[in-house]
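Student: One structure coming up, written as structure tokens, with questions to follow.
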Amino acid sequence: MRVPNLATCAGPGVAALLTGACAVATSSTPTARVSDTLSVQRSQYASTYVRRESPPVLIRNATILTAAGPEMTHSSVLFADGRIVAVGADSGLPVGTVVVDGTGKYVTPGVIDTHSHLGVYSAPGTPSQSDGNEATDPVTPQVWAEHSFWPQDPQIPLAIAGGVTVIQVLPGSANLIGGRSVTLRLIPARTVQEMKYPDAPYGVKMACGENPKGTYGQKNGPSTRMGNVAGYRAAFAAAEQYGRKWDTWLRTKAGDAPARDLKLETLADVLRGKLLVHIHCYRADEMAQMLDLAREFGFHIRSFHHATEGYKIADLLARDSVSASVWADWWGFKMESLDGIPENAALLQQAGARTIIHSDSEDGIQRLNQEAAKAMYAGRNAGIAVTREQAIRWITANPAWALGIDSTTGTLEPGKHADVVVWSGDPFSVYSKAERVYNDGWLVFDRSDTTRQYRTDFNIGITQPGVGQ
Amino acid sequence: MSRGAWRFLLWALVPAPAAGQVVAITGGTVYPVSGPPIEHGTLLLRDGRISAVGASVTVPDGAVRVDATGMWVTPGLIHAGSTLGLKLFEVGAQEETEEDFVTGEVKAAFNVGEGIDPAAVSIPVARLEGITTAVTAPAGGLIPGQAVLIDLAGTRLDELLVKSPAAMIADLSQGGKAAGGGSRAGAVLRLRRVLRDAIEYAKRREDFRKAQMQPLAASADDLEALQPVVGGTLPLFVIANRRSDIENALRLAADFKLRLVVWGGVEAWQVAPELARAAVPVVLEPLTDVPRFDALGARLDNATLLRAAGVKVVAAQRDAAHFRDLRQAAGNEVRNGMSWADALRSVTLSAAEAAGIEGSRGSLEPGKVANVVVWSGDPLELSSQVRHLFIHGVEIPLQSRQTELFRRYRTLPPAY
């Protein structure tokens with residue numbers, strides 16, 4: 001299946017079509033009176049992210065896993081103004097460069113998690129902070145995870161201390177279509193807008209199997225897997241019609257604009273290829289059904305999440321360029337996860353499917369390097385030759401691809417954002433820790449400096465300093 | 001090994017070696033836990049027991065030799081907080097697979113033993129992580145019931161059971177509050193009444209039979225079951241995470257002279273000196289650091305801080321979906337500051353001590369039960385795997401339902 005070209009901007013496609021520019025790039029200062037424009041033409045919850053001014057940094061004499069090429073020993077990484085300048089041999093140093101001795105240390109790109117509920121299922125877990133599932137209707141593409149996100153979630157610093165620089169925050173999996181995801185830089189911030197990764201495309205969360213039918217089985221349905229599929233089909237059929245109606249109006253401007261429908265607007269943008277589709281799905285046979293659904297409506301699935309049976313259809317995923325966001329070894333916690341095996345990621349890699357280790361966990365996100373290591377070694381111990389270069393991509397370059405930001409982050413290559421982790425040792429060892437985490441060049445975590453260990457507002461006066469230790 | 005042959009080994013009774021048959025594990029580095037490592041050590045297993053450990057042990061003629069050259073040899077890991085054999089799916093997902101809970105608040109007479117399914121598919125998976133022995137425990141209510149200790153081999157309950165009961169469980173954390181009318185203080189009060197009545201009941205069994213006693217705080221069965229607890233012989237594993245919950249448990253233990261083990265212990269680092277003084281072990285989850293209202297002071301180096309204060313630390317991963325992470329949890333104790341030897345001890349000998357089976361398990365010493373693991377490398381490191389595993393001196397095939405699925409899907413299309 002063809003992989004659609006990604007929109008280079010976030011925001012609803014209709015807005016982009018109307019203005020001829022990215023919605024996110026539009027100034028929030030209105031130049032026209034409100035009544036002159038439609039809401040869809042205005043800025044849609046734009047990113048207000050601003051890179052923090054930081055001195056240039058040279059990390060010297062380290063072992064570097066770039067996620068774009070072979071492992072390099074006794075090598076350097078230089079970054080300045082938030083961008084990677086050079087990787088490899090030492091080159092000329094800009095004035096004011098901070099030099100970090102990397103002897104004995106390892107450097108990787110920042111860890112990226114395609115599946116997080118940080119900020120929407122915040123800690124401490126309470127009903128008051130349970131904002132991840134709009135479980136009032138099985139089809140809720142109109143809800144956006146960012147509108148639930150709490151930037152003061154104390155789980156954020158814990159994930160930063162694990163080397164994570166970018167996350168996709170997803171709605172939960174109660175619904176067939178759960179809503180829009182958002183891609184965030186994991187940095188201290190007052191608002192979610194300050195964390196939004198500029199120009200990252202939105203994702204849409206969908207879910208197969210037990211969760212939707214379990215949530216709605218005693219209500220108005222769906223109560224079966226066939227009911228689930230009928231639900232997706234009905235929604236996309238309506239979206240197809242809605243999209244055409246808008247496209248026609250935009251061309252002709254005849255009469256009043258069609259009524260804005262926030263559900264169908266999101267789904268129409270899926271059909272336009274502007275939003276990336278992320279589907280929670282465990283079983284192989286159900287993933288195959290979803291591939292058919294995508295074929296029927298002409299969209300592409302960017303990533304299956306959990307995919308504990310991905311190994312059974314790794315060839316189909318490779319064929320359709322669908323990535324698999326999996327755990328290292330979770331299994332057995334519900335019927336549809338019964339067949340999870342530790343070699344899943346390695347078998348996916350072997351088949352040529354784009355493999356990602358995700359967390360879906362406030363605990364696991366702190367140790368995605370360990371999870372990737374477990375999955376790599378499970379493969380090797382079973383005779384599958386997974387390389388370290390491949391395995392580091394499972395938590396960096398490949399998730400960047402799944403989020404549509406791989407042209408700007410996910411590897412240590414000149415020109416990319418300086419999302420960089422310095423590890424105390426081999427990141428595939430249980431004993432290693434992230435010592436320094438740079439997010440777009442900003443040192444957001446330093447294990448040796450308590451002033452560089454961010455504490456959320458919640459932490460203050462409630463938890464003890466040093467949680468990242 | 002042919003497909004049929006290993007299937008037989010997996011599902012059928014593994015024949016025990018003939019009496020007197022000796023297994024010699026040679027050439028590896030032996031980590032007895034109870035003493036320093038032995039390079040090129042030899043371990044002899046005979047009649048289900050360890051008969052010799054050392055650098056200059058003579059291998060008798062006719063011994064079955066296991067070459068462990070370049071490998072690491074340790075005691076089987078002990079999981080001190082599992083639901084192995086009792087539970088596979090998450091709460092509420094599938095009742096037929098859940099045997100760890102009965103209704104009610106005070107269920108001291110409830111022993112999980114007969115709910116154990118020796119054929120549970122989780123047991124072979126646990127063995128592949130080097131786990132040979134587990135505390136398997138009930139949950140729910142103020143006194144969930146009695147935990148038992150099992151070895152992870154056999155087809156009948158009596159083959160698995162090591163100790164029953166192994167511990168009484170009580171919950172003074174959020175989970176016990178309902179029994180106390182919704183308050184922690186109420187839960188402590190109710191537990192005190194139950195323990196007080198257990199003592200009273202034992203003094204006046206005859207009065208009780210004649211119905212000459214005021215109503216008691218629990219049924220006669222439950223009060224009988226609590227006798228070894230108030231007698232100080234059966235450990236009471238108290239689920240306590242908040243500092244004040246742990247302090248409540250310590251006071252209770254002092255007042256009733258209980259053999260207390262703190263289970264959970266998320267904020268235990270805050271009362272480390274008191275725990276050390278009272279010689280109370282803590283069974284904790286080393287990967288827990290997310291604050292929750294039950295324990296806002298969670299931190300990854302809890303185990304390290306406790307150990308530094310002289311507290312006996314046991315590592316466990318109580319979540320049914322993550323029991324297999326036991327050695328990763330121990331590895332993370334090292335990552336977060338504990339010594340490697342203490343971390344290995346936290347999943348072997350310290351676990352055995354907390355459950356009162358240190359006389360038979362938890363270290364490689366002559367006379368102990370031959371639960372032994374041979375690893376490709378450092379057992380706490382992610383790259384290592386189990387190469388040989390012995391329970392009661394019998395080598396167990398390293399197979400599980402998962403390895404069978406892998407075999408089927410190793411290449412696509414699958415090998416039907």
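Numbering starts fresh at 1 for the residues of each chain in the structure tokens, the chains themselves are lettered A, B, ... in the order given, and ligands are numbered from 1 as they appear.
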Mind listing as a PyMOL selection string which residues of chain A are within 8 Å of chain B, counting only C-alpha atoms?

Tutor: chain A and resi 123-125+154-155+158+311-312+315+330-335+339-341+343+347+362-363+370+373-374+377+381+428-433+462-464+467-469

Student: When DSSP is applied to the backbone of this structure, which of stretch 41-274 of chain B are assigned alpha helix (DSSP H)? Write them out as number ranges by chain.

Tutor: B: 122-128, 157-160, 184-203, 205-209, 220-225, 227-230, 243-256, 272-274

Student: Could you check which of B:Glu365, B:Asp342, B:Glu353, B:Asp245 is closest to B:Ser183, using only C-alpha atoms?

Tutor: B:Asp245

Student: Give me, as an MDAnalysis selection string, all polymer residues having an atom no more than 8 Å from stretch 129-143 of chain B, counting only C-alpha atoms and skipping those fewer than 6 positions away in the same chain.

Tutor: chainID B and resid 76:86 100:108 111:112 149:153 166 168:172 175:179 187 191 324:327 355 371 373 385:386 389 391

Student: Excluding B:Val59 and any residue of its chain fewer than 5 positions from it, enumerate the residues within 10 Å of it, using only C-alpha atoms, and give them as a compact mmCIF listing (two decimals) with N, CA and C atoms, in the first residue's frame.

Tutor:
# COMPACT_ATOMS: atom_id res chain seq x y z
N VAL B 22 23.70 -38.99 40.67
CA VAL B 22 24.31 -37.70 40.98
C VAL B 22 24.38 -36.85 39.72
N VAL B 23 24.01 -35.57 39.85
CA VAL B 23 24.23 -34.60 38.79
C VAL B 23 25.38 -33.71 39.23
N ALA B 24 26.35 -33.51 38.34
CA ALA B 24 27.50 -32.65 38.64
C ALA B 24 27.49 -31.47 37.68
N ILE B 25 27.34 -30.28 38.24
CA ILE B 25 27.41 -29.06 37.44
C ILE B 25 28.82 -28.52 37.60
N THR B 26 29.58 -28.51 36.53
CA THR B 26 31.01 -28.22 36.66
C THR B 26 31.44 -27.04 35.80
N THR B 42 32.18 -26.59 41.46
CA THR B 42 31.41 -27.80 41.17
C THR B 42 30.27 -27.90 42.17
N LEU B 43 29.15 -28.29 41.63
CA LEU B 43 27.96 -28.46 42.46
C LEU B 43 27.48 -29.89 42.23
N LEU B 44 27.30 -30.64 43.30
CA LEU B 44 26.75 -31.99 43.17
C LEU B 44 25.32 -32.01 43.69
N ALA B 52 27.17 -31.31 47.55
CA ALA B 52 28.49 -30.68 47.71
C ALA B 52 28.58 -29.43 46.86
N VAL B 64 25.94 -37.61 36.17
CA VAL B 64 25.54 -36.92 34.94
C VAL B 64 26.19 -35.54 34.99
N ARG B 65 27.01 -35.25 34.00
CA ARG B 65 27.74 -33.99 34.03
C ARG B 65 27.03 -32.91 33.23

Student: To one decimal place, how far is atom CA of A:Gly69 from atom CA of A:Asp113 in Å?

Tutor: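 Going from atom CA of A:Gly69 over to atom CA of A:Asp113 covers 20.9 Å.
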
Student: Any chance you could list, as a VMD selection string, the residues in stretch 326-444 of chain A that come up strand (DSSP E) when DSSP is run on the backbone?

Tutor: chain A and resid 326 355 to 357 420 to 423 434 to 439 442 to 444
